[in-house]
Amino acid sequence: MEEGYHDRDRVATEQSLKAYSDRLPRAALRVSTIVGLVVSIASVATPRRLPSEDIFFGQALALMIDPTIWIFILLQYSSLPSGRRRQDLALKFGRVVFGLILSLCFTSSLAYRHGPSTIEAFSSHEPRQIAQGVLYLVQFICGTVTSTAFASFPRRPDVYHKESLVDQQYTLSLLSMITFSWNRGVSFVANQRPIELKDIPALDYRTRSHTLHTRLPFVKELPLWRQLLKEHGRQLVLQWGYTLLSACLPPVSQLAMYSFLDGIETGQRSGVAVWVLGLLASQLVQVATVNWLSWITTTRLEIPVGSWLQSLVFNKALRQYESVSPGQKKKKSDKVAGVKKVKQSVMNHMKVDSERIAKFCESANDPIEATVKLAVAGVFLANLLGWTPILSGLSAASLIVAVNACISRQYRAQVAAVNKYRDKKAHILTEALRGARQIRYCALEKHFEDRILAIREKELARLWRLAAFQRLGDFTADLGPLLLSTVAFLVYVVQNGRHIKASVIFASLGLFDHVQDAVSLLPKLWTGALEAKASFDRLERYLGQADRKLVSVPAERITLEDVVVEWPHAFEDDEIAGQGRFKLQGINVEFPTGELSVIAGRTGSGKSLLLAAILSEAILVSGTIHFPASDGNTNPPPSSETWVIPYETAFVSQSPWIESGTIRDNILFGLPLVNQRYTAVLDACALDRDILLFQDGDQTEVGPNGVSLSGGQRWRIALARALYSRAGVLVLDDVLSAVDAHVSRTIVYGALTGALAKGRTRILATHRVDVVLPFARYLVQLEGGRAVAGPVSVEEMDSEPMLGMESGGQGRDQNQEDAPQLERAEPDTFENERVTALEAEKSPVGRVKWSVYRAYYHASGGLFALASVLVLLVSGQALWVARTWSLKQLSQHAAAVLGGHLAGDEDGIFRWMGVYAGIYFLNSLARAAGVLAMFLIGQRAGRMLFRQMTNAVLRAPMAWMDTVEAGRVLNRFTSDMQKIDKSLPNQTFSFLQNLTDGVIIMATSLSVSPYAAVFGTIVLAMFVGIARQYVSLAREVKRINSISHSPIYDQFSSVLSGLSTIRAFGRTSFYMDRMYDLIDNAAKTSWALELSTHWMAFRMGLLGAIFVAAVAAIVAASDVDAAVAGFSLSFALRYTASLTKVLKSAASVELAFNACERVVEFTEIETEPDGGVDAPAGWPSAGRIEVRNLTVAYSEKLEPVLRDVTFTIEPGQRVGIVGRTGAGKSTLASVLFRLLMPRDGTISIDGMDISDVKLAHLRSRLAIIPQDPFLFSGTLRSNLDQDEELDDSEILAALNRVHLIELQESSLPDHTPGTELSPVLKSDAEHAEAHRPERRESFANLSMHISAGGTNLSQGQRQLVCLARAILKRPKVLILDEATSAVDRSTDAAIQESLREEFGAIGSTVLVIAHRLSTIADFDCVLVLDRGQVVEMGSPKELLEQGMRRHHENEASFWGLVQKSEDRDVLMSMILG
């Protein structure tokens, strides 16, 4: 077998090599050249003269030209290589191109040299001449076949990239490329079934985003637009060349029409046939040129530029810091505001800015097109009308320039304002989607809906102003051609008096239309330029920001010497640097290699900052950080002996990052599956039981950010990922805070100290020091921004054993015995059965449903609104026809005056000129009014649909939110709504306008003759056939294109939230490659859509050219005057563009309605029930909770998670809810807030069934602090007092209660609203953390900035802020779901004391879900759950004594939980006294 084929686009498969064949074009070429050679020789041999006549040598030589060229073509054919190697195919292609050029030139020469004589020969009766004519005709046919055969040679076999067929533009023949006929396999598939993304061919090498980004990385010193020019200069030159040609061609058609009409006027109808052919030829060349100009613009500029910019933005995001400094003070300087704006609109850089700049490529050639069109049309007009009329018209039109300049300034301001509100809208929507659970818990749906809609109204107001100024600019731009044509015609009439010819009038009219087209490009160009400049500026600011710096120095050990570090911040400013920022100072630590080191400290002491410094995720102010680095050698392949690589790192963040995908994918994280290691990791992280009980095992989809998992499961999966990795350094941030005692023991023995951890450097930040200290070799204690560090001695380890366990080897053995066994699991009772696969985004099949059109129709205002637009549209189109008709009347009137039929009525000429100008003005006015009216309709529909979608999404069940990715939802609110706001009204109006244009053009063109009507019907039938093929394919491709962008934004959002984890694992290249694939997927759908559009436009252009030539031929054969002929031809020349516009706009409307369809889909999602009765004003007044026979499941298909649960909680009780993982604790909290609806049973609060109470009333009267709290962007005050009803003193008092600040004792607790409370420091060592500057200067400042999600605060600080919010709310029922899991024990104890005092004073019922049993040891009551059922309930002392009396250990009982706890002795002492 021959050597395989490969090139930059990738590799040909064995099947594609076998399928590659050029037999057919070779056979056709061989036959045509041989026949052509024989016929040419016969032609030479055929006698032309009488024997007595002499033939000169020159004539004899000329006769031998044809056979000689045929011989040369035959030799060219013989030299074509037959191999399939890359070199052979390249050589063959070069010779094929040469042969094609030669055969085309030769065929054209045959037509030029022998065409007239051949036509003459067939009209004669001389056999010799007829024979000669036949031979010439056969030669011409052979030449045509030869050219077609050369153009039909395939260029290479099909090649594949990542198992996907590469686009066939450079695979199939030149003929298929010229006619846009490649990739027709997609069309075939579309006719058989709905197409999928995999059916669309992959992009070629030079269009792939990886190629573009590698070839041109961003250079900070060079403006972005210059970098774009540098990379795409060739394509721009090619675009401008085609533009130059396309701008010169339309006047050629007008010249041909002028000559044609002049022949009719002068009565020389026999000579107009050549001008009919001229019309046909000029139209054909114009069709090809315009289509290839558009194709190059889209596929070689717009698509690659968009992909390149998106790659740049994502690559920049990978190189930036993930977080900003806690408590960063807000500065109202323009510089800071600008940077903050940039940081909030990173997603908009991917969506809006890159798309806007890419779209501007469509207008990049407008200056050349406008200039050339104006120059060429001006020259032709000057020849027709004279220079004086043209210069007079231009002088009048120049008056519009100053007006347009003023309008442009206003337009620019509106563009900036629209961008501003779009950024704000995108930011708050992103935040609302991320904090959806918190919004529902706090009944903030209405609050966020009002905020979103308020910004939306401001956006719509600016959009209306933007549209008004744009339409005003278009109207004034239309006045320019009006003044030009009117003044020019007027001066021409004055100069020529009665001598006005129809040929001049209608040829000039077409040229004036080209002038109008050129002038109309200027507002579009200016608009696009302003928007593109704004996007260029925004992207340059973002891309020009400082990158994350690698602050560590390569070394063998991890050490920090005199280190001062701080959190990254959003800006660098010498004046404000260091103000209000927490720093770790004077840090000197040396972590032992291969051992466990522990970092301890109170909440907010800087543990996470120290870990960030180790990972180069913090700002190094001074000092030196040493960290192991690669020696430059390639990593050994993974095996049991070489698995761990000392210098690689794994990281588990405080808020664990879980990627959308399966559990297994999250753990393997790109590594191969080694079953033995994988199973050991699951056991060590206590995930074996969870995996068994998940419905799909480790193939369960966890959703974005692990939304379908509990907090403990997220942490354990993140820990499993680190443990499975090849990293020799494990950096772990508080991995024990969200797990119960039993699981924490398994993690300590299996993950932190077991065989999998052996030889690895483990650095653990934790509050649970007593659990891990016996196994640690190094301890770092943080306090007041400084560190005390040193090795842990054996005496210290022995003196502080893990409470509740035996030390040494016995402890390990006991743990192994106590470890959960797989056979104990019962899947039908496991809480996490709710986990289901993410709902894939589906693309509807077939046409857009009529219900979507109906929804848009009703949202837009109904019949009256649509009727008003139709009236304006029909009026405008009627005026457009009347404008041309007035010129026909003018020319006929002038001819009648000149012929003496209307003697003395010379003033009628000026009257018709006035009519023309008036109609032109009214036409422009009606068109502008129609566009504005349609925009208003679209804006009304957009407002209504946005409102409905916002209402539905904010009130959608959490089950829906957990299965629909945020990027998909955000795409509906941004990209799809922008299409509804702007594209859909414009495209709908364009369709209606083009449709009426098409009807008018057909009617006026065909009115000249019945034969024209017959031919027009045939053309129309062919048009319908092409249209059906196009629409069926374009519809499906557009739908795939619409959903192909969502994965880009989902991936971007996910990566942004897990940057530190991704970088620690060294996975940035992987995610960059994945983003390349996602960008390419979206780009290839755009490519396929453009190809289908150009396939249609090229064929429609051919039909149009044939139609124009046919009408001209019919006119020439008919007995009509020049005025009627000019009237019909002026419309017929627009036929090509009109048919194409009708079809394009029809498809565009349907495709734009895809966006509407997607939005309507989200307006119809099922929402949470909002019915019920109003809760009484004081409800709940006591806080008594009764649960009766409660059974809850996450769906009808799943088994219950809670089974027949019954219990009663008395008013004012503090109840601890405990149980092992999966017992149903969090599910119970969800049911109380009606995030889940019970399958059976009831919950009553103060005798009122919560299912009967309005949802907003229920949630607003209760309060919950979830395990992973979410704070909203704004200030500390806005998070604590969203309604702005509280005094500063009340808020400060609440912050003091949760120990975020310390207030003077005299100020507590008898402060009154409005009293100033000053934060001071306590001298008690117990509250030494108050000495930290960030506590004193940040949380005491209620204007402190809080970033979205509270990411600029630690996990513990977020929990404490939420606790303060609950205190301010003073609810009668409060639920704490592991609300203090991320704070240290002493702070937890102090907080519990504050809560006891605060909520005990008002008699609140407090339910606390806790893994840390010491938290609920002194509670009034403990509710023990296991496998969805109540095991026991009573006071801690009663339950403990009851367990002691049973004299056996029941793992599910409170006694069993205490026995498994690491602080068993302390717990028993606390409970039993």
# chains A, B, ... in the order shown; residues from 1 in each chain; ligands from 1
>>> residues_around(residues="Lys1084 (chain A)", least_positions_apart="4", cutoff="8 Å", atoms="only C-alpha atoms", output="mmCIF file with N, CA and C atoms, in the first residue's frame")
data_model
loop_
_atom_site.group_PDB
_atom_site.id
_atom_site.type_symbol
_atom_site.label_atom_id
_atom_site.label_comp_id
_atom_site.auth_asym_id
_atom_site.auth_seq_id
_atom_site.Cartn_x
_atom_site.Cartn_y
_atom_site.Cartn_z
ATOM 1 N N ILE A 200 -20.867 18.040 11.506
ATOM 2 C CA ILE A 200 -20.298 19.219 10.847
ATOM 3 C C ILE A 200 -18.784 19.057 10.788
ATOM 4 N N PRO A 201 -18.187 19.199 9.614
ATOM 5 C CA PRO A 201 -16.724 19.012 9.485
ATOM 6 C C PRO A 201 -15.931 19.973 10.357
ATOM 7 N N ALA A 202 -14.744 19.516 10.735
ATOM 8 C CA ALA A 202 -13.847 20.337 11.554
ATOM 9 C C ALA A 202 -13.206 21.425 10.706
ATOM 10 N N LEU A 203 -12.674 22.443 11.387
ATOM 11 C CA LEU A 203 -12.024 23.551 10.694
ATOM 12 C C LEU A 203 -10.657 23.129 10.156
ATOM 13 N N ASP A 1080 -13.530 26.124 18.674
ATOM 14 C CA ASP A 1080 -13.568 25.585 17.311
ATOM 15 C C ASP A 1080 -14.929 24.972 16.994
ATOM 16 N N ALA A 1088 -20.171 26.434 8.774
ATOM 17 C CA ALA A 1088 -21.160 25.647 8.025
ATOM 18 C C ALA A 1088 -22.379 26.486 7.661
#
>>> residues_around(residues="region 524-540 of chain A", least_positions_apart="6", cutoff="6 Å", atoms="only C-alpha atoms", output="number ranges by chain")
A: 353, 356-357, 360, 363
>>> write_last_selection(atoms="all heavy atoms", output="PDB file, in the first residue's frame")
ATOM      1  N   ASP A 353     -17.543  41.636  23.418  1.00  0.00           N
ATOM      2  CA  ASP A 353     -16.442  42.388  22.806  1.00  0.00           C
ATOM      3  C   ASP A 353     -15.790  41.630  21.658  1.00  0.00           C
ATOM      4  O   ASP A 353     -15.517  42.205  20.594  1.00  0.00           O
ATOM      5  CB  ASP A 353     -15.394  42.742  23.869  1.00  0.00           C
ATOM      6  CG  ASP A 353     -15.928  43.734  24.886  1.00  0.00           C
ATOM      7  OD1 ASP A 353     -16.713  44.602  24.491  1.00  0.00           O
ATOM      8  OD2 ASP A 353     -15.577  43.626  26.076  1.00  0.00           O
ATOM      9  N   ARG A 356     -18.180  41.648  18.757  1.00  0.00           N
ATOM     10  CA  ARG A 356     -18.342  42.974  18.153  1.00  0.00           C
ATOM     11  C   ARG A 356     -17.154  43.320  17.252  1.00  0.00           C
ATOM     12  O   ARG A 356     -17.329  43.847  16.149  1.00  0.00           O
ATOM     13  CB  ARG A 356     -18.497  44.014  19.272  1.00  0.00           C
ATOM     14  CG  ARG A 356     -18.930  45.373  18.791  1.00  0.00           C
ATOM     15  CD  ARG A 356     -19.123  46.283  19.982  1.00  0.00           C
ATOM     16  NE  ARG A 356     -20.346  45.979  20.688  1.00  0.00           N
ATOM     17  CZ  ARG A 356     -20.606  46.381  21.933  1.00  0.00           C
ATOM     18  NH1 ARG A 356     -19.717  47.069  22.599  1.00  0.00           N
ATOM     19  NH2 ARG A 356     -21.746  46.076  22.507  1.00  0.00           N
ATOM     20  N   ILE A 357     -15.958  43.015  17.714  1.00  0.00           N
ATOM     21  CA  ILE A 357     -14.775  43.293  16.893  1.00  0.00           C
ATOM     22  C   ILE A 357     -14.773  42.397  15.654  1.00  0.00           C
ATOM     23  O   ILE A 357     -14.445  42.836  14.544  1.00  0.00           O
ATOM     24  CB  ILE A 357     -13.494  43.093  17.717  1.00  0.00           C
ATOM     25  CG1 ILE A 357     -13.411  44.174  18.813  1.00  0.00           C
ATOM     26  CG2 ILE A 357     -12.256  43.146  16.835  1.00  0.00           C
ATOM     27  CD1 ILE A 357     -12.260  43.991  19.771  1.00  0.00           C
ATOM     28  N   PHE A 360     -17.076  43.681  13.112  1.00  0.00           N
ATOM     29  CA  PHE A 360     -16.595  44.885  12.434  1.00  0.00           C
ATOM     30  C   PHE A 360     -15.786  44.536  11.187  1.00  0.00           C
ATOM     31  O   PHE A 360     -15.640  45.367  10.291  1.00  0.00           O
ATOM     32  CB  PHE A 360     -15.744  45.730  13.384  1.00  0.00           C
ATOM     33  CG  PHE A 360     -15.221  46.993  12.763  1.00  0.00           C
ATOM     34  CD1 PHE A 360     -16.092  48.003  12.367  1.00  0.00           C
ATOM     35  CD2 PHE A 360     -13.862  47.166  12.547  1.00  0.00           C
ATOM     36  CE1 PHE A 360     -15.613  49.162  11.777  1.00  0.00           C
ATOM     37  CE2 PHE A 360     -13.381  48.326  11.964  1.00  0.00           C
ATOM     38  CZ  PHE A 360     -14.255  49.324  11.581  1.00  0.00           C
ATOM     39  N   SER A 363     -17.326  45.340   8.042  1.00  0.00           N
ATOM     40  CA  SER A 363     -17.333  46.744   7.616  1.00  0.00           C
ATOM     41  C   SER A 363     -15.940  47.271   7.316  1.00  0.00           C
ATOM     42  O   SER A 363     -15.800  48.449   6.971  1.00  0.00           O
ATOM     43  CB  SER A 363     -17.979  47.612   8.707  1.00  0.00           C
ATOM     44  OG  SER A 363     -19.251  47.128   9.058  1.00  0.00           O
TER      45      SER A 363
END
>>> residues_around(residues="Gly1241 (chain A)", least_positions_apart="3", cutoff="9 Å", atoms="only C-alpha atoms", output="list of chain:residue names")
A:Val1187, A:Arg1188, A:Asn1189, A:Leu1190, A:Thr1191, A:Val1192, A:Asp1204, A:Val1205, A:Thr1206, A:Pro1238
>>> write_last_selection(atoms="N, CA and C atoms", output="PDB file, in the first residue's frame")
ATOM      1  N   VAL A1187     -43.710  17.771  62.997  1.00  0.00           N
ATOM      2  CA  VAL A1187     -43.516  16.995  61.775  1.00  0.00           C
ATOM      3  C   VAL A1187     -44.257  15.688  61.929  1.00  0.00           C
ATOM      4  N   ARG A1188     -45.140  15.398  60.985  1.00  0.00           N
ATOM      5  CA  ARG A1188     -45.989  14.216  61.084  1.00  0.00           C
ATOM      6  C   ARG A1188     -45.867  13.372  59.814  1.00  0.00           C
ATOM      7  N   ASN A1189     -45.383  12.128  59.998  1.00  0.00           N
ATOM      8  CA  ASN A1189     -45.352  11.117  58.919  1.00  0.00           C
ATOM      9  C   ASN A1189     -44.727  11.665  57.635  1.00  0.00           C
ATOM     10  N   LEU A1190     -43.625  12.378  57.769  1.00  0.00           N
ATOM     11  CA  LEU A1190     -43.006  13.048  56.630  1.00  0.00           C
ATOM     12  C   LEU A1190     -42.214  12.046  55.779  1.00  0.00           C
ATOM     13  N   THR A1191     -42.551  11.987  54.506  1.00  0.00           N
ATOM     14  CA  THR A1191     -41.834  11.152  53.533  1.00  0.00           C
ATOM     15  C   THR A1191     -41.442  12.040  52.358  1.00  0.00           C
ATOM     16  N   VAL A1192     -40.160  12.040  52.027  1.00  0.00           N
ATOM     17  CA  VAL A1192     -39.643  12.959  51.012  1.00  0.00           C
ATOM     18  C   VAL A1192     -38.740  12.181  50.057  1.00  0.00           C
ATOM     19  N   ASP A1204     -41.309   8.463  56.777  1.00  0.00           N
ATOM     20  CA  ASP A1204     -42.252   8.459  57.893  1.00  0.00           C
ATOM     21  C   ASP A1204     -41.656   9.121  59.139  1.00  0.00           C
ATOM     22  N   VAL A1205     -41.092  10.297  58.944  1.00  0.00           N
ATOM     23  CA  VAL A1205     -40.444  11.017  60.044  1.00  0.00           C
ATOM     24  C   VAL A1205     -41.490  11.768  60.847  1.00  0.00           C
ATOM     25  N   THR A1206     -41.461  11.582  62.164  1.00  0.00           N
ATOM     26  CA  THR A1206     -42.394  12.259  63.065  1.00  0.00           C
ATOM     27  C   THR A1206     -41.643  12.740  64.299  1.00  0.00           C
ATOM     28  N   PRO A1238     -42.847  17.416  50.120  1.00  0.00           N
ATOM     29  CA  PRO A1238     -42.976  16.049  50.646  1.00  0.00           C
ATOM     30  C   PRO A1238     -43.892  15.198  49.784  1.00  0.00           C
TER      31      PRO A1238
END
>>> closest_residue(among="A:Arg84, A:His114, A:His1411, A:Arg156", to="Val134 (chain A)", atoms="only C-alpha atoms")
A:His114
>>> closest_residue(among="A:Ser725, A:Ser1145, A:Thr1208, A:Ser1226", to="Tyr678 (chain A)", atoms="only C-alpha atoms")
A:Ser725
>>> atom_distance(atom1="CA of Leu284 (chain A)", atom2="CA of Leu244 (chain A)")
16.6 Å
>>> residues_around(residues="Ile195 (chain A)", least_positions_apart="5", cutoff="10 Å", atoms="only C-alpha atoms", output="compact mmCIF listing (two decimals) with all heavy atoms, in the first residue's frame")
# COMPACT_ATOMS: atom_id res chain seq x y z
N VAL A 186 -23.28 17.29 4.73
CA VAL A 186 -24.09 17.82 5.83
C VAL A 186 -25.53 18.02 5.38
O VAL A 186 -26.48 17.72 6.11
CB VAL A 186 -23.48 19.15 6.33
CG1 VAL A 186 -24.31 19.71 7.47
CG2 VAL A 186 -22.05 18.95 6.77
N SER A 187 -25.69 18.52 4.16
CA SER A 187 -27.04 18.71 3.63
C SER A 187 -27.75 17.38 3.47
O SER A 187 -28.95 17.25 3.74
CB SER A 187 -26.97 19.44 2.29
OG SER A 187 -28.25 19.64 1.75
N PHE A 188 -27.01 16.37 3.03
CA PHE A 188 -27.60 15.04 2.89
C PHE A 188 -28.07 14.52 4.24
O PHE A 188 -29.18 13.97 4.36
CB PHE A 188 -26.59 14.08 2.26
CG PHE A 188 -27.07 12.66 2.19
CD1 PHE A 188 -27.97 12.26 1.21
CD2 PHE A 188 -26.63 11.72 3.11
CE1 PHE A 188 -28.42 10.95 1.14
CE2 PHE A 188 -27.09 10.41 3.06
CZ PHE A 188 -27.98 10.02 2.07
N VAL A 189 -27.25 14.68 5.25
CA VAL A 189 -27.63 14.23 6.59
C VAL A 189 -28.85 14.99 7.09
O VAL A 189 -29.76 14.41 7.70
CB VAL A 189 -26.44 14.41 7.57
CG1 VAL A 189 -26.88 14.13 9.01
CG2 VAL A 189 -25.29 13.50 7.19
N ALA A 190 -28.89 16.31 6.81
CA ALA A 190 -30.02 17.13 7.27
C ALA A 190 -31.33 16.66 6.65
O ALA A 190 -32.40 16.81 7.27
CB ALA A 190 -29.77 18.60 6.95
N ILE A 200 -20.87 18.04 11.51
CA ILE A 200 -20.30 19.22 10.85
C ILE A 200 -18.78 19.06 10.79
O ILE A 200 -18.14 18.78 11.80
CB ILE A 200 -20.67 20.50 11.60
CG1 ILE A 200 -22.20 20.65 11.66
CG2 ILE A 200 -20.03 21.72 10.98
CD1 ILE A 200 -22.67 21.81 12.48
N SER A 843 -31.45 20.89 21.09
CA SER A 843 -31.80 21.76 19.98
C SER A 843 -33.10 21.28 19.38
O SER A 843 -33.22 20.12 18.98
CB SER A 843 -30.69 21.71 18.93
OG SER A 843 -31.05 22.43 17.78
N VAL A 845 -36.10 20.38 16.86
CA VAL A 845 -36.02 19.83 15.51
C VAL A 845 -37.12 20.43 14.67
O VAL A 845 -38.24 20.65 15.14
CB VAL A 845 -36.15 18.29 15.56
CG1 VAL A 845 -36.10 17.72 14.16
CG2 VAL A 845 -35.04 17.69 16.42
N LEU A 1033 -31.44 23.17 5.85
CA LEU A 1033 -30.09 22.99 6.39
C LEU A 1033 -29.72 24.12 7.33
O LEU A 1033 -29.21 23.88 8.44
CB LEU A 1033 -29.09 22.91 5.23
CG LEU A 1033 -27.60 22.83 5.64
CD1 LEU A 1033 -27.34 21.61 6.49
CD2 LEU A 1033 -26.71 22.84 4.40
N GLU A 1036 -31.19 23.97 10.93
CA GLU A 1036 -30.57 23.02 11.85
C GLU A 1036 -29.18 23.47 12.28
O GLU A 1036 -28.80 23.37 13.44
CB GLU A 1036 -30.50 21.64 11.20
CG GLU A 1036 -31.86 21.02 10.90
CD GLU A 1036 -32.71 20.86 12.14
OE1 GLU A 1036 -32.16 20.47 13.18
OE2 GLU A 1036 -33.91 21.17 12.08
N VAL A 1037 -28.42 23.98 11.32
CA VAL A 1037 -27.05 24.43 11.65
C VAL A 1037 -27.10 25.61 12.60
O VAL A 1037 -26.30 25.71 13.54
CB VAL A 1037 -26.28 24.80 10.37
CG1 VAL A 1037 -24.91 25.37 10.71
CG2 VAL A 1037 -26.10 23.58 9.48
N ARG A 1039 -29.36 26.29 14.82
CA ARG A 1039 -29.72 25.84 16.16
C ARG A 1039 -28.52 25.23 16.87
O ARG A 1039 -28.30 25.47 18.06
CB ARG A 1039 -30.87 24.83 16.07
CG ARG A 1039 -32.21 25.50 15.90
CD ARG A 1039 -33.32 24.51 15.71
NE ARG A 1039 -34.63 25.18 15.79
CZ ARG A 1039 -35.72 24.71 15.25
NH1 ARG A 1039 -35.70 23.57 14.60
NH2 ARG A 1039 -36.87 25.36 15.36
N ILE A 1040 -27.75 24.45 16.14
CA ILE A 1040 -26.54 23.90 16.75
C ILE A 1040 -25.57 25.03 17.07
O ILE A 1040 -24.90 25.02 18.11
CB ILE A 1040 -25.89 22.86 15.81
CG1 ILE A 1040 -26.83 21.66 15.65
CG2 ILE A 1040 -24.55 22.41 16.35
CD1 ILE A 1040 -26.31 20.61 14.71
>>> closest_residue(among="A:Asn1296, A:Leu866, A:Tyr1030, A:Glu1462", to="Arg184 (chain A)", atoms="only C-alpha atoms")
A:Tyr1030
>>> closest_residue(among="A:Gly1101, A:Thr593, A:Leu1440, A:Lys1369", to="Leu280 (chain A)", atoms="only C-alpha atoms")
A:Gly1101
>>> residues_around(residues="region 1420-1430 of chain A", least_positions_apart="5", cutoff="8 Å", atoms="only C-alpha atoms", output="compact mmCIF listing (two decimals) with N, CA and C atoms, in the first residue's frame")
# COMPACT_ATOMS: atom_id res chain seq x y z
N THR A 829 -32.03 4.11 50.72
CA THR A 829 -32.25 5.10 51.77
C THR A 829 -31.23 6.22 51.74
N PHE A 830 -30.42 6.26 50.72
CA PHE A 830 -29.32 7.22 50.73
C PHE A 830 -29.76 8.58 50.22
N GLU A 831 -29.35 9.60 50.94
CA GLU A 831 -29.82 10.95 50.66
C GLU A 831 -29.45 11.42 49.27
N PRO A 1200 -37.65 7.20 48.69
CA PRO A 1200 -37.66 8.31 49.65
C PRO A 1200 -36.33 8.48 50.37
N VAL A 1201 -36.01 9.72 50.65
CA VAL A 1201 -34.81 10.05 51.43
C VAL A 1201 -35.17 10.16 52.90
N LEU A 1202 -36.34 10.70 53.20
CA LEU A 1202 -36.89 10.70 54.56
C LEU A 1202 -38.12 9.79 54.57
N ARG A 1203 -38.22 8.92 55.58
CA ARG A 1203 -39.30 7.94 55.61
C ARG A 1203 -40.09 8.08 56.90
N ASP A 1204 -41.31 8.46 56.78
CA ASP A 1204 -42.25 8.46 57.89
C ASP A 1204 -41.66 9.12 59.14
N VAL A 1205 -41.09 10.30 58.94
CA VAL A 1205 -40.44 11.02 60.04
C VAL A 1205 -41.49 11.77 60.85
N THR A 1206 -41.46 11.58 62.16
CA THR A 1206 -42.39 12.26 63.07
C THR A 1206 -41.64 12.74 64.30
N GLN A 1213 -36.85 25.91 71.95
CA GLN A 1213 -35.84 24.87 72.14
C GLN A 1213 -34.67 25.04 71.18
N ARG A 1214 -33.51 24.64 71.67
CA ARG A 1214 -32.34 24.53 70.80
C ARG A 1214 -32.13 23.04 70.54
N VAL A 1215 -32.30 22.67 69.27
CA VAL A 1215 -32.29 21.26 68.90
C VAL A 1215 -31.12 20.98 67.97
N GLY A 1216 -30.32 19.99 68.32
CA GLY A 1216 -29.25 19.55 67.46
C GLY A 1216 -29.71 18.39 66.60
N ILE A 1217 -29.44 18.47 65.31
CA ILE A 1217 -29.80 17.38 64.39
C ILE A 1217 -28.51 16.72 63.95
N VAL A 1218 -28.35 15.46 64.32
CA VAL A 1218 -27.10 14.76 64.06
C VAL A 1218 -27.39 13.46 63.33
N GLY A 1219 -26.35 12.90 62.82
CA GLY A 1219 -26.46 11.65 62.08
C GLY A 1219 -25.31 11.54 61.12
N ARG A 1220 -25.06 10.33 60.66
CA ARG A 1220 -23.95 10.12 59.74
C ARG A 1220 -24.29 10.67 58.36
N GLY A 1222 -25.48 11.24 54.85
CA GLY A 1222 -26.57 10.61 54.11
C GLY A 1222 -27.77 10.27 54.95
N ALA A 1223 -27.78 10.74 56.20
CA ALA A 1223 -28.92 10.40 57.07
C ALA A 1223 -30.17 11.17 56.71
N GLY A 1224 -30.04 12.32 56.03
CA GLY A 1224 -31.20 13.11 55.65
C GLY A 1224 -31.30 14.43 56.38
N LYS A 1225 -30.21 14.86 57.03
CA LYS A 1225 -30.26 16.09 57.83
C LYS A 1225 -30.52 17.31 56.96
N SER A 1435 -32.98 14.83 75.25
CA SER A 1435 -31.88 15.69 75.66
C SER A 1435 -30.58 14.91 75.52
N PRO A 1436 -29.46 15.59 75.35
CA PRO A 1436 -28.18 14.88 75.21
C PRO A 1436 -27.90 13.94 76.38
N ALA A 1452 -25.67 4.13 64.95
CA ALA A 1452 -26.61 5.17 64.53
C ALA A 1452 -27.15 5.98 65.68
N SER A 1453 -26.96 5.50 66.92
CA SER A 1453 -27.50 6.21 68.08
C SER A 1453 -26.58 7.34 68.49
N PHE A 1454 -27.10 8.22 69.34
CA PHE A 1454 -26.29 9.32 69.85
C PHE A 1454 -25.09 8.76 70.63
